[in-house]
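Structure file input-v9.txt (compact mmCIF, C-alpha atoms) is printed below.
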```txt
# COMPACT_ATOMS: atom_id res chain seq x y z
CA MET I 29 -116.24 33.57 20.54
CA ARG I 30 -115.90 31.45 17.38
CA LYS I 31 -112.16 32.17 17.14
CA THR I 32 -111.72 31.21 20.78
CA LEU I 33 -113.56 27.93 20.31
CA LEU I 34 -111.54 27.09 17.22
CA PHE I 35 -108.35 27.84 19.15
CA LEU I 36 -109.40 25.57 21.98
CA VAL I 37 -110.26 22.76 19.59
CA ALA I 38 -106.86 23.14 17.95
CA LEU I 39 -105.16 22.84 21.32
CA ILE I 40 -107.15 19.75 22.21
CA VAL I 41 -106.05 18.08 18.97
CA ALA I 42 -102.45 19.21 19.34
CA PHE I 43 -102.07 18.11 22.94
CA GLN I 44 -103.89 14.80 22.80
CA MET I 45 -101.37 12.13 23.76
CA GLN I 46 -101.08 9.33 21.19
CA ALA I 47 -98.46 6.65 20.77
CA GLN I 48 -97.39 6.04 17.18
CA GLN I 49 -95.13 3.28 15.94
CA ILE I 50 -91.92 4.24 14.16
CA VAL I 51 -90.44 1.25 12.32
CA ALA I 52 -86.96 0.95 10.85
CA THR I 53 -87.57 -1.54 8.03
CA PHE I 54 -84.25 -0.83 6.22
CA ASP I 55 -85.97 -1.44 2.88
CA THR I 56 -85.50 2.11 1.59
CA LEU I 57 -81.74 2.22 2.27
CA TYR I 58 -79.72 2.25 -0.94
CA LEU I 59 -77.90 -0.81 -2.22
CA SER I 60 -76.52 -0.86 -5.76
CA LYS I 61 -77.61 -4.42 -6.61
CA THR I 62 -79.06 -7.61 -5.21
CA ASP I 63 -77.06 -9.97 -3.00
CA THR I 64 -74.91 -7.23 -1.55
CA PHE I 65 -74.55 -5.25 1.67
CA TYR I 66 -73.59 -1.89 3.16
CA LEU I 67 -69.83 -1.34 3.05
CA ASN I 68 -68.16 1.96 3.93
CA LYS I 69 -64.36 2.25 3.94
CA SER I 70 -64.14 6.04 3.97
CA ALA I 71 -62.59 6.29 7.45
CA SER I 72 -61.11 4.00 10.06
CA MET I 73 -62.82 3.34 13.41
CA VAL I 74 -65.21 6.28 13.31
CA ASP I 75 -68.97 5.98 13.10
CA LEU I 76 -69.95 5.59 9.43
CA GLY I 77 -73.45 4.43 10.23
CA PHE I 78 -76.88 5.14 8.76
CA ASN I 79 -80.32 6.35 9.80
CA ASP I 80 -83.74 4.79 9.43
CA GLY I 81 -86.99 5.49 11.27
CA TYR I 82 -85.47 8.39 13.31
CA MET I 83 -82.88 5.92 14.64
CA HIS I 84 -79.13 5.88 14.06
CA PHE I 85 -77.31 2.58 13.55
CA PRO I 86 -73.52 2.88 13.98
CA TYR I 87 -71.01 1.16 11.70
CA TYR I 88 -67.24 0.91 12.17
CA TYR I 89 -64.66 -0.13 9.59
CA ASP I 90 -61.02 -0.84 10.48
CA THR I 91 -58.53 -0.13 7.68
CA SER I 92 -55.68 -2.09 9.33
CA TYR I 93 -54.69 -5.61 8.22
CA GLY I 94 -56.14 -5.02 4.78
CA GLY I 95 -59.41 -3.64 6.12
CA PHE I 96 -62.44 -5.28 7.73
CA TRP I 97 -65.84 -4.49 9.25
CA SER I 98 -65.02 -4.08 12.92
CA LYS I 99 -68.42 -3.82 14.61
CA GLY I 100 -71.85 -2.27 14.43
CA PHE I 101 -74.71 -2.63 11.97
CA ALA I 102 -74.71 -3.26 8.21
CA TYR I 103 -77.86 -3.48 6.11
CA SER I 104 -77.99 -6.29 3.59
CA ASN I 105 -80.11 -7.92 0.89
CA MET I 106 -78.11 -11.16 0.80
CA LYS I 107 -80.20 -14.31 0.31
CA ASP I 108 -77.61 -17.05 0.89
CA SER I 109 -79.00 -19.29 3.64
CA VAL I 110 -76.77 -22.24 2.69
CA THR I 111 -73.07 -21.33 2.42
CA SER I 112 -71.04 -21.79 5.61
CA GLY I 113 -68.08 -19.73 6.72
CA PHE I 114 -66.78 -16.24 7.26
CA GLY I 115 -67.27 -15.27 3.62
CA ASN I 116 -71.04 -15.38 4.13
CA MET I 117 -71.31 -13.30 7.28
CA TYR I 118 -73.78 -10.78 5.79
CA SER I 119 -76.61 -13.29 5.20
CA ALA I 120 -79.62 -14.11 7.39
CA LYS I 121 -80.45 -17.78 7.84
CA ALA I 122 -84.07 -16.89 7.03
CA GLY I 123 -82.94 -16.01 3.48
CA SER I 124 -84.66 -12.61 3.42
CA GLY I 125 -85.94 -9.89 5.70
CA TYR I 126 -88.98 -10.32 7.92
CA GLY I 127 -92.10 -11.23 5.96
CA GLY I 128 -90.04 -11.84 2.83
CA SER I 129 -88.83 -8.24 2.61
CA ALA I 130 -85.67 -7.56 0.64
CA GLN I 131 -83.46 -5.94 3.28
CA TYR I 132 -82.51 -6.39 6.91
CA VAL I 133 -79.56 -5.59 9.18
CA VAL I 134 -76.66 -7.77 10.29
CA CYS I 135 -75.18 -6.88 13.67
CA GLU I 136 -71.66 -7.58 14.88
CA PRO I 137 -71.21 -6.42 18.50
CA GLY I 138 -67.44 -6.78 18.11
CA TYR I 139 -64.95 -6.03 20.87
CA GLY I 140 -64.63 -3.07 23.19
CA ALA I 141 -67.42 -0.54 23.59
CA THR I 142 -70.81 -1.92 22.59
CA PRO I 143 -72.26 -0.31 19.44
CA LYS I 144 -75.62 1.20 20.35
CA ILE I 145 -78.68 2.16 18.33
CA ASP I 146 -79.31 5.84 19.06
CA ILE I 147 -83.06 6.39 19.50
CA SER I 148 -82.85 9.99 20.72
CA ARG I 149 -80.71 11.70 18.06
CA TYR I 150 -83.70 13.16 16.21
CA VAL I 151 -86.77 12.52 18.38
CA SER I 152 -87.33 10.90 21.76
CA LEU I 153 -88.54 7.34 21.23
CA LYS I 154 -89.59 4.47 23.48
CA PRO I 155 -88.37 1.00 22.43
CA PHE I 156 -91.12 -1.46 21.51
CA GLY I 157 -89.38 -4.46 19.93
CA PHE I 158 -87.80 -6.01 16.84
CA TYR I 159 -87.47 -9.23 14.86
CA VAL I 160 -84.32 -11.32 15.19
CA THR I 161 -82.79 -14.38 13.59
CA ASN I 162 -79.37 -15.98 13.32
CA SER I 163 -76.95 -15.18 10.55
CA THR I 164 -76.20 -18.04 8.19
CA TYR I 165 -72.58 -17.92 9.38
CA ALA I 166 -73.48 -18.40 13.06
CA TYR I 167 -76.33 -20.87 12.45
CA ASN I 168 -74.26 -23.24 10.31
CA ALA I 169 -71.33 -23.10 12.73
CA MET I 170 -73.59 -24.12 15.62
CA ARG I 171 -75.34 -26.79 13.56
CA SER I 172 -72.25 -28.44 12.05
CA GLY I 173 -69.15 -26.87 13.62
CA TYR I 174 -66.68 -24.61 11.85
CA PHE I 175 -62.92 -24.42 12.52
CA GLY I 176 -62.69 -23.49 16.22
CA ALA I 177 -66.46 -23.36 16.74
CA ARG I 178 -67.87 -26.58 18.20
CA LYS I 179 -71.00 -28.22 16.84
CA PHE I 180 -73.64 -27.55 19.49
CA GLY I 181 -74.39 -30.57 21.64
CA ASP I 182 -71.10 -32.25 20.72
CA THR I 183 -69.31 -33.49 23.83
CA THR I 184 -65.97 -34.14 22.08
CA GLY I 185 -63.18 -32.53 24.08
CA THR I 186 -65.51 -31.21 26.79
CA HIS I 187 -64.54 -33.90 29.34
CA SER I 188 -68.12 -33.63 30.57
CA GLY I 189 -68.90 -37.34 30.67
CA LEU I 190 -72.24 -36.58 29.00
CA PRO I 191 -73.65 -38.75 26.21
CA GLN I 192 -72.66 -37.61 22.73
CA GLY I 193 -74.99 -34.89 21.43
CA SER I 194 -76.23 -33.80 24.84
CA TYR I 195 -73.79 -31.03 25.81
CA PRO I 196 -75.86 -28.08 27.16
CA ASP I 197 -74.74 -25.42 24.68
CA TRP I 198 -76.36 -22.00 24.29
CA PHE I 199 -76.01 -18.77 22.30
CA LEU I 200 -77.43 -15.73 24.09
CA LEU I 201 -78.30 -12.24 22.88
CA THR I 202 -78.46 -9.60 25.61
CA ILE I 203 -80.17 -6.30 24.78
CA THR I 204 -79.48 -3.37 27.12
CA GLY I 205 -81.23 -0.03 27.32
CA TYR I 206 -79.03 2.94 28.25
CA ALA I 207 -79.77 6.44 29.50
CA ASN I 208 -76.90 8.95 29.49
CA GLY I 209 -74.45 6.07 29.20
CA GLN I 210 -75.84 4.15 32.18
CA ALA I 211 -77.43 0.71 31.77
CA LYS I 212 -81.08 0.76 32.87
CA ASP I 213 -82.85 -2.39 31.65
CA THR I 214 -81.93 -5.66 29.95
CA VAL I 215 -83.74 -8.28 27.89
CA GLN I 216 -82.20 -11.65 27.06
CA TYR I 217 -83.04 -13.90 24.12
CA TYR I 218 -81.54 -17.31 23.32
CA LEU I 219 -80.59 -17.61 19.66
CA ALA I 220 -79.78 -21.26 20.37
CA ASP I 221 -80.49 -23.43 23.41
CA TYR I 222 -79.37 -27.03 23.98
CA ARG I 223 -79.90 -27.12 27.74
CA PHE I 224 -83.13 -29.12 27.73
CA ALA I 225 -83.32 -32.51 29.45
CA ASN I 226 -85.10 -33.75 26.34
CA ASN I 227 -82.69 -33.23 23.44
CA ALA I 228 -85.63 -33.12 21.03
CA GLN I 229 -86.37 -29.64 22.41
CA ASP I 230 -82.94 -28.26 21.52
CA TYR I 231 -83.08 -25.50 18.92
CA ILE I 232 -81.17 -22.96 16.85
CA ILE I 233 -83.27 -20.02 15.63
CA ARG I 234 -83.54 -19.92 11.83
CA ASP I 235 -86.72 -17.88 11.24
CA TRP I 236 -87.63 -14.35 12.27
CA GLN I 237 -88.77 -14.13 15.91
CA TRP I 238 -90.23 -11.14 17.77
CA VAL I 239 -88.34 -9.77 20.79
CA SER I 240 -90.31 -7.37 22.98
CA LEU I 241 -88.57 -4.35 24.50
CA SER I 242 -91.73 -2.99 26.12
CA LYS I 243 -90.15 -3.20 29.58
CA PHE I 244 -87.63 -0.50 28.59
CA THR I 245 -88.66 2.90 29.93
CA LEU I 246 -86.58 6.07 29.81
CA VAL I 247 -83.64 5.05 27.62
CA ASP I 248 -81.86 6.88 24.80
CA SER I 249 -79.90 4.03 23.19
CA ILE I 250 -79.98 0.26 22.78
CA GLY I 251 -76.88 -1.94 22.97
CA PHE I 252 -76.36 -5.60 22.06
CA SER I 253 -73.94 -8.25 23.25
CA LEU I 254 -73.51 -11.95 22.51
CA SER I 255 -72.30 -14.78 24.73
CA SER I 256 -71.95 -18.51 24.22
CA SER I 257 -71.20 -21.76 26.00
CA ASP I 258 -68.41 -22.37 23.47
CA ASN I 259 -65.37 -20.29 24.42
CA ASP I 260 -61.60 -20.35 24.11
CA PRO I 261 -59.74 -19.45 27.34
CA MET I 262 -57.44 -17.10 25.43
CA TYR I 263 -59.46 -15.81 22.46
CA GLY I 264 -62.96 -15.74 23.88
CA MET I 265 -66.16 -16.83 22.15
CA ASN I 266 -65.79 -19.44 19.40
CA THR I 267 -69.34 -19.13 18.09
CA PRO I 268 -69.40 -16.52 15.30
CA GLY I 269 -70.56 -13.23 16.84
CA PHE I 270 -73.22 -12.20 14.33
CA PHE I 271 -77.02 -12.00 14.29
CA CYS I 272 -79.70 -10.27 12.20
CA ILE I 273 -82.52 -7.84 13.00
CA ASP I 274 -85.44 -6.35 11.10
CA ASN I 275 -88.39 -4.01 11.69
CA PHE I 276 -86.84 -2.34 14.73
CA THR I 277 -89.87 -0.62 16.27
CA CYS I 278 -90.18 2.29 18.70
CA LEU I 279 -93.07 4.42 19.92
CA THR I 280 -93.23 8.18 19.72
CA ILE I 281 -95.63 10.39 21.64
CA MET I 282 -97.80 13.07 20.05
CA GLY I 283 -98.54 15.77 22.58
CA VAL I 284 -97.16 18.65 24.62
CA PRO I 285 -93.37 18.89 24.35
CA LYS I 286 -91.73 19.44 27.72
CA THR I 287 -88.02 20.12 28.05
CA ASN I 288 -86.65 21.16 31.43
CA ASN I 289 -90.15 22.10 32.63
CA ILE I 290 -90.95 24.13 29.51
CA THR I 291 -94.39 23.64 27.96
CA ALA I 292 -95.06 24.87 24.44
CA LYS I 293 -98.40 25.35 22.68
CA ILE I 294 -98.58 24.50 18.99
CA TYR I 295 -101.28 25.74 16.62
CA PRO I 296 -103.10 25.50 14.29
CA ILE I 297 -103.52 21.75 13.96
CA PRO I 298 -103.68 20.73 11.16
CA ALA I 299 -101.41 23.40 9.71
CA THR I 300 -101.68 24.85 6.22
CA ASP I 301 -99.40 27.88 5.75
CA VAL I 302 -97.61 28.33 9.09
CA ILE I 303 -97.23 26.63 12.45
CA HIS I 304 -97.09 28.80 15.60
CA ILE I 305 -95.24 27.75 18.73
CA SER I 306 -96.04 29.72 21.86
CA CYS I 307 -93.79 29.54 24.91
CA GLN I 308 -92.94 31.97 27.69
CA GLU I 309 -89.66 30.30 28.72
CA TRP I 310 -87.61 29.62 25.60
CA GLN I 311 -84.17 30.34 27.13
CA SER I 312 -82.05 29.60 24.04
CA THR I 313 -84.13 26.76 22.68
CA THR I 314 -83.54 25.56 19.11
CA VAL I 315 -86.48 24.09 17.19
CA SER I 316 -85.80 21.67 14.33
CA LEU I 317 -88.35 20.72 11.68
CA LEU I 318 -88.03 17.10 10.48
CA ASP I 319 -89.89 14.83 8.09
CA MET I 320 -90.89 11.29 9.04
CA SER I 321 -87.62 9.84 7.72
CA GLY I 322 -85.68 11.94 10.24
CA ARG I 323 -84.35 14.39 7.65
CA ILE I 324 -83.92 17.92 9.04
CA LEU I 325 -85.84 20.41 6.89
CA GLY I 326 -84.99 23.53 8.89
CA GLN I 327 -83.70 24.85 12.21
CA PHE I 328 -85.03 27.90 14.02
CA GLU I 329 -83.88 29.89 17.04
CA ALA I 330 -86.69 30.84 19.42
CA MET I 331 -86.14 34.54 20.15
CA HIS I 332 -89.67 35.72 21.03
CA ASP I 333 -92.72 34.44 22.87
CA VAL I 334 -94.18 33.06 19.63
CA LEU I 335 -92.11 31.34 16.96
CA THR I 336 -93.74 31.11 13.52
CA ILE I 337 -92.47 28.52 11.04
CA PRO I 338 -93.60 28.61 7.37
CA VAL I 339 -94.90 25.25 6.13
CA ALA I 340 -96.90 26.23 3.02
CA ASP I 341 -94.36 24.62 0.65
CA LEU I 342 -94.30 21.29 2.49
CA PRO I 343 -96.22 18.35 1.01
CA SER I 344 -99.23 17.20 3.03
CA GLY I 345 -98.34 14.72 5.75
CA THR I 346 -96.98 14.31 9.27
CA TYR I 347 -93.93 16.25 10.48
CA VAL I 348 -91.95 16.55 13.69
CA LEU I 349 -90.87 19.57 15.71
CA GLN I 350 -87.85 18.79 17.86
CA PHE I 351 -87.04 21.04 20.83
CA ASN I 352 -83.36 21.19 21.84
CA ARG I 353 -82.10 22.90 24.97
CA ASP I 354 -79.12 22.15 27.20
CA ASN I 355 -78.53 18.80 25.43
CA ALA I 356 -82.09 17.70 26.23
CA LYS I 357 -84.52 16.86 23.44
CA GLN I 358 -88.26 16.47 23.16
CA SER I 359 -90.44 16.20 20.10
CA VAL I 360 -94.03 16.68 18.99
CA GLN I 361 -95.70 15.72 15.74
CA PHE I 362 -98.12 17.82 13.71
CA ILE I 363 -100.13 17.37 10.54
CA LYS I 364 -99.68 19.56 7.46
CA GLN I 365 -102.70 19.67 5.13
```

Entire entry expressed as structure tokens:
Amino acid sequence: MRKTLLFLVALIVAFQMQAQQIVATFDTLYLSKTDTFYLNKSASMVDLGFNDGYMHFPYYYDTSYGGFWSKGFAYSNMKDSVTSGFGNMYSAKAGSGYGGSAQYVVCEPGYGATPKIDISRYVSLKPFGFYVTNSTYAYNAMRSGYFGARKFGDTTGTHSGLPQGSYPDWFLLTITGYANGQAKDTVQYYLADYRFANNAQDYIIRDWQWVSLSKFTLVDSIGFSLSSSDNDPMYGMNTPGFFCIDNFTCLTIMGVPKTNNITAKIYPIPATDVIHISCQEWQSTTVSLLDMSGRILGQFEAMHDVLTIPVADLPSGTYVLQFNRDNAKQSVQFIKQ
């Protein structure tokens, strides 16, 4: 009777549904020195991105024309909030990461297919939100003008007939949630807005601001695009197409993993030496063991009704079991004592 009760208690703990925040802070990603940024030239126009918080952030470098960052995400610890121009495209106008942290990410949506943050590569996550600010490059161009980019509000050459300084400029970030390549939900956030009747309300974002993605439901990736009121009829947007993000936050669910109507029981919780996974309908399911950084510690093929995974050598903490079958993924967390 005592063993049965203990077993039932273990199941109650294992299957209790809890949402836990997973935050990509980017502060643990390696940079060789201060005032620098992620740069990877090892291949042309293939994903050379990085992982943080179970999420994958793509990065593309183009080796043509002498080489340049084409699109995607690059983490940075640049602090230059003053210098204008293309040479300072890796700096946040805030001068640091959110809350004064050292590192953050610069995003360049670029041209062609939108680079997307993959939130399902390692575990299934639900988007929650992130902090955003303008890059120094974009902010200064909107504030003062820069080559082809017009100073926001400036009516010169617009033929609008509006008083000088009152042109209704805007710089818009659109965030789209995708599932299996199909757009599902969108959130829009103005990084600059000069459309107010009272010009004193016009603004360009220069500090970190929270953007909620709580309306996103069943999505597996997040894409970003930029648009502006300042455009060239031939070359497109004049406003520099860069912005910065930090503390990208998702929610993960602790509970019963279900993949294609399969339910697995996991015990004991907390684990000490081994973790048992009981399932009657494996059907070629692979189980991956991951740590909280998303690093795969082991992969196991489920061949019998009960799969036993040794965990005695793991440090105490929280780990993830990821179930993979027919390109579908579901995850469950467990505690190792």

What's the separation between atom CA of I:Phe96 and atom CA of I:Tyr58, in Å to one decimal place?
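Atom CA of I:Tyr58 lies 20.7 Å from atom CA of I:Phe96.
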
I need the residue nearest I:Tyr206 from this list: I:Phe180, I:Phe244, I:Trp238, I:Phe114. Use only C-alpha atoms for the distance.
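Selected residue with least distance to I:Tyr206: I:Phe244.
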
Between I:Ser188, I:Gln210, I:Ser242, I:Asn68, single out the one closest to I:Gly100, counting only C-alpha atoms.
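Closest to I:Gly100 of all the choices is I:Asn68.
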
As a PyMOL selection string, please: the residues near I:Tyr159 (cut-off 10 Å, all atoms listed in the file, same-chain neighbours under 5 positions excluded).
chain I and resi 125-126+132+235-240+272-277

Mind writing the picked residues with C-alpha atoms as a JSON list (two decimals), in the coordinates of the input?
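To be explicit, this is the file written out as again_19.json:
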```
[["chain", "number", "residue", "atom", "x", "y", "z"],
["I", 125, "GLY", "CA", -85.94, -9.89, 5.70],
["I", 126, "TYR", "CA", -88.98, -10.32, 7.92],
["I", 132, "TYR", "CA", -82.51, -6.39, 6.91],
["I", 235, "ASP", "CA", -86.72, -17.88, 11.24],
["I", 236, "TRP", "CA", -87.63, -14.35, 12.27],
["I", 237, "GLN", "CA", -88.77, -14.13, 15.91],
["I", 238, "TRP", "CA", -90.23, -11.14, 17.77],
["I", 239, "VAL", "CA", -88.34, -9.77, 20.79],
["I", 240, "SER", "CA", -90.31, -7.37, 22.98],
["I", 272, "CYS", "CA", -79.70, -10.27, 12.20],
["I", 273, "ILE", "CA", -82.52, -7.84, 13.00],
["I", 274, "ASP", "CA", -85.44, -6.35, 11.10],
["I", 275, "ASN", "CA", -88.39, -4.01, 11.69],
["I", 276, "PHE", "CA", -86.84, -2.34, 14.73],
["I", 277, "THR", "CA", -89.87, -0.62, 16.27]]
```

Would you mind listing what lies within 8 Å of stretch 145-153 of chain I as a count of residues only, with only C-alpha atoms counted and same-chain residues fewer than 6 positions away left out?
18

Would you kindly return, as a list of chain:residue names, each protein, DNA or RNA residue with an atom no farther than 6 Å from any atom of I:Ser306, considering all atoms listed in the file and excluding same-chain residues fewer than 4 positions away?
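After dropping sequence-adjacent residues, the list is I:Ala292, I:Lys293, I:Asp333, I:Val334.
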
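One finds atom CA of I:Ala169 at 12.7 Å from atom CA of I:Ile233.
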
Residues at most 12 Å from I:Tyr66, counting only C-alpha atoms, excluding those fewer than 2 positions away in the same chain, as a ChimeraX atom specification?
/I:54,57-64,68-69,76-78,85-89,97,100-106,118-119,131-135
